[in-house]
Amino acid sequence: MAVNYVCRHCRMPLGSLDSVQVEDYRLGFHFLTPEERKRIISYNSNGDATVQVICEYCSQTLDSHPELVLQSNPLQ
């Protein structure tokens with residue numbers, strides 16, 4: 001099972017963890033509510049997880065221009 005991190009705005013791959021068994025508590029997923037988990041984490045048919053986070057560039061851009069949050073794809 002691999003855990004892949006991608007930016008939810010620009011879709012840039014940010015990193016991945018390749019491990020046979022990665023426990024949710026070691027990744028901090030247990031802090032998420034069920035709704036947050038559903039929105040942030042998706043699972044592929046092969047068992048890999050994709051976690052949507054925000055990269056540094058998108059975070060800085062949204063901090064500088066908060067009106068972009070109102071758009072469906074603010075940074076694409």
# chains A, B, ... in the order shown; residues from 1 in each chain; ligands from 1
>>> residues_around(residues="segment 17-28 of chain A", least_positions_apart="6", cutoff="12 Å", atoms="only C-alpha atoms", output="list in words")
Met1, Ala2, Val3, Asn4, Tyr5, Arg37, Ile41, Gly47, Asp48, Ala49, Thr50 and Val51 of chain A
>>> write_last_selection(atoms="N, CA and C atoms", output="CSV table (one decimal), in the first residue's frame")
chain,number,residue,atom,x,y,z
A,1,MET,N,0.9,-1.2,0.0
A,1,MET,CA,0.0,0.0,0.0
A,1,MET,C,0.9,1.2,0.0
A,2,ALA,N,0.6,2.2,-0.8
A,2,ALA,CA,1.3,3.5,-0.9
A,2,ALA,C,0.3,4.6,-0.5
A,3,VAL,N,0.9,5.6,0.1
A,3,VAL,CA,0.1,6.8,0.4
A,3,VAL,C,0.7,7.9,-0.4
A,4,ASN,N,0.0,8.5,-1.3
A,4,ASN,CA,0.4,9.5,-2.2
A,4,ASN,C,-0.2,10.9,-1.8
A,5,TYR,N,0.6,11.9,-1.6
A,5,TYR,CA,0.2,13.2,-1.3
A,5,TYR,C,0.2,14.1,-2.5
A,37,ARG,N,-12.1,12.9,6.5
A,37,ARG,CA,-11.5,11.8,5.8
A,37,ARG,C,-12.0,11.5,4.5
A,41,ILE,N,-9.1,12.0,1.8
A,41,ILE,CA,-8.5,10.8,1.5
A,41,ILE,C,-9.3,9.9,0.5
A,47,GLY,N,-5.5,-0.5,-3.4
A,47,GLY,CA,-5.3,-0.2,-1.9
A,47,GLY,C,-4.5,1.0,-1.6
A,48,ASP,N,-3.9,1.7,-2.7
A,48,ASP,CA,-3.2,2.9,-2.5
A,48,ASP,C,-4.1,4.0,-2.0
A,49,ALA,N,-3.6,4.9,-1.2
A,49,ALA,CA,-4.4,6.1,-0.7
A,49,ALA,C,-3.8,7.3,-1.3
A,50,THR,N,-4.7,8.2,-1.7
A,50,THR,CA,-4.3,9.6,-2.2
A,50,THR,C,-4.8,10.6,-1.2
A,51,VAL,N,-3.9,11.4,-0.7
A,51,VAL,CA,-4.3,12.4,0.3
A,51,VAL,C,-4.2,13.7,-0.3
>>> residues_around(residues="Cys55 of chain A", least_positions_apart="4", cutoff="10 Å", atoms="only C-alpha atoms", output="VMD selection string")
chain A and resid 5 to 14 59 to 60
>>> write_last_selection(atoms="N, CA and C atoms", output="mmCIF file, in the first residue's frame")
data_model
loop_
_atom_site.group_PDB
_atom_site.id
_atom_site.type_symbol
_atom_site.label_atom_id
_atom_site.label_comp_id
_atom_site.auth_asym_id
_atom_site.auth_seq_id
_atom_site.Cartn_x
_atom_site.Cartn_y
_atom_site.Cartn_z
ATOM 1 N N TYR A 5 0.633 11.880 -1.620
ATOM 2 C CA TYR A 5 0.164 13.214 -1.268
ATOM 3 C C TYR A 5 0.198 14.087 -2.513
ATOM 4 N N VAL A 6 -0.930 14.742 -2.816
ATOM 5 C CA VAL A 6 -1.021 15.652 -3.954
ATOM 6 C C VAL A 6 -1.705 16.941 -3.502
ATOM 7 N N CYS A 7 -1.373 18.039 -4.170
ATOM 8 C CA CYS A 7 -2.019 19.318 -3.876
ATOM 9 C C CYS A 7 -3.430 19.286 -4.439
ATOM 10 N N ARG A 8 -4.387 19.655 -3.641
ATOM 11 C CA ARG A 8 -5.775 19.609 -4.103
ATOM 12 C C ARG A 8 -6.106 20.718 -5.086
ATOM 13 N N HIS A 9 -5.262 21.721 -5.197
ATOM 14 C CA HIS A 9 -5.523 22.819 -6.120
ATOM 15 C C HIS A 9 -4.784 22.652 -7.443
ATOM 16 N N CYS A 10 -3.480 22.464 -7.409
ATOM 17 C CA CYS A 10 -2.692 22.382 -8.646
ATOM 18 C C CYS A 10 -2.387 20.943 -9.054
ATOM 19 N N ARG A 11 -2.727 19.972 -8.220
ATOM 20 C CA ARG A 11 -2.531 18.541 -8.485
ATOM 21 C C ARG A 11 -1.064 18.118 -8.556
ATOM 22 N N MET A 12 -0.171 18.950 -8.041
ATOM 23 C CA MET A 12 1.250 18.604 -8.035
ATOM 24 C C MET A 12 1.491 17.475 -7.025
ATOM 25 N N PRO A 13 2.216 16.427 -7.436
ATOM 26 C CA PRO A 13 2.580 15.385 -6.467
ATOM 27 C C PRO A 13 3.559 15.962 -5.446
ATOM 28 N N LEU A 14 3.279 15.732 -4.180
ATOM 29 C CA LEU A 14 4.115 16.296 -3.118
ATOM 30 C C LEU A 14 4.973 15.261 -2.420
ATOM 31 N N SER A 59 -0.790 27.583 -1.061
ATOM 32 C CA SER A 59 -1.108 28.165 0.237
ATOM 33 C C SER A 59 -0.740 29.647 0.275
ATOM 34 N N GLN A 60 0.444 29.985 -0.204
ATOM 35 C CA GLN A 60 0.875 31.385 -0.218
ATOM 36 C C GLN A 60 0.004 32.215 -1.152
#
>>> select_by_dssp(residues="chain A", states="strand (DSSP E)", output="PyMOL selection string")
chain A and resi 2-7+13-18+41-43+49-53
>>> atom_distance(atom1="atom CA of Ile54 of chain A", atom2="atom CA of Ile40 of chain A")
10.7 Å
>>> select_by_dssp(residues="chain A", states="alpha helix (DSSP H)", output="list in words")
Asp24, Tyr25, Arg26, Leu27, Pro34, Glu35, Glu36, Arg37, Lys38, Arg39, Ile40, Glu56, Tyr57, Cys58, Ser59, Gln60, Thr61, Leu62, Asp63 and Ser64 of chain A
>>> atom_distance(atom1="atom CA of Ser42 of chain A", atom2="atom CA of Phe29 of chain A")
12.3 Å
>>> atom_distance(atom1="atom CA of Cys58 of chain A", atom2="atom CA of Asn44 of chain A")
25.1 Å
>>> closest_residue(among="A:His30, A:Ser64, A:Ser16, A:Val69", to="Gln52 of chain A", atoms="only C-alpha atoms")
A:Ser16
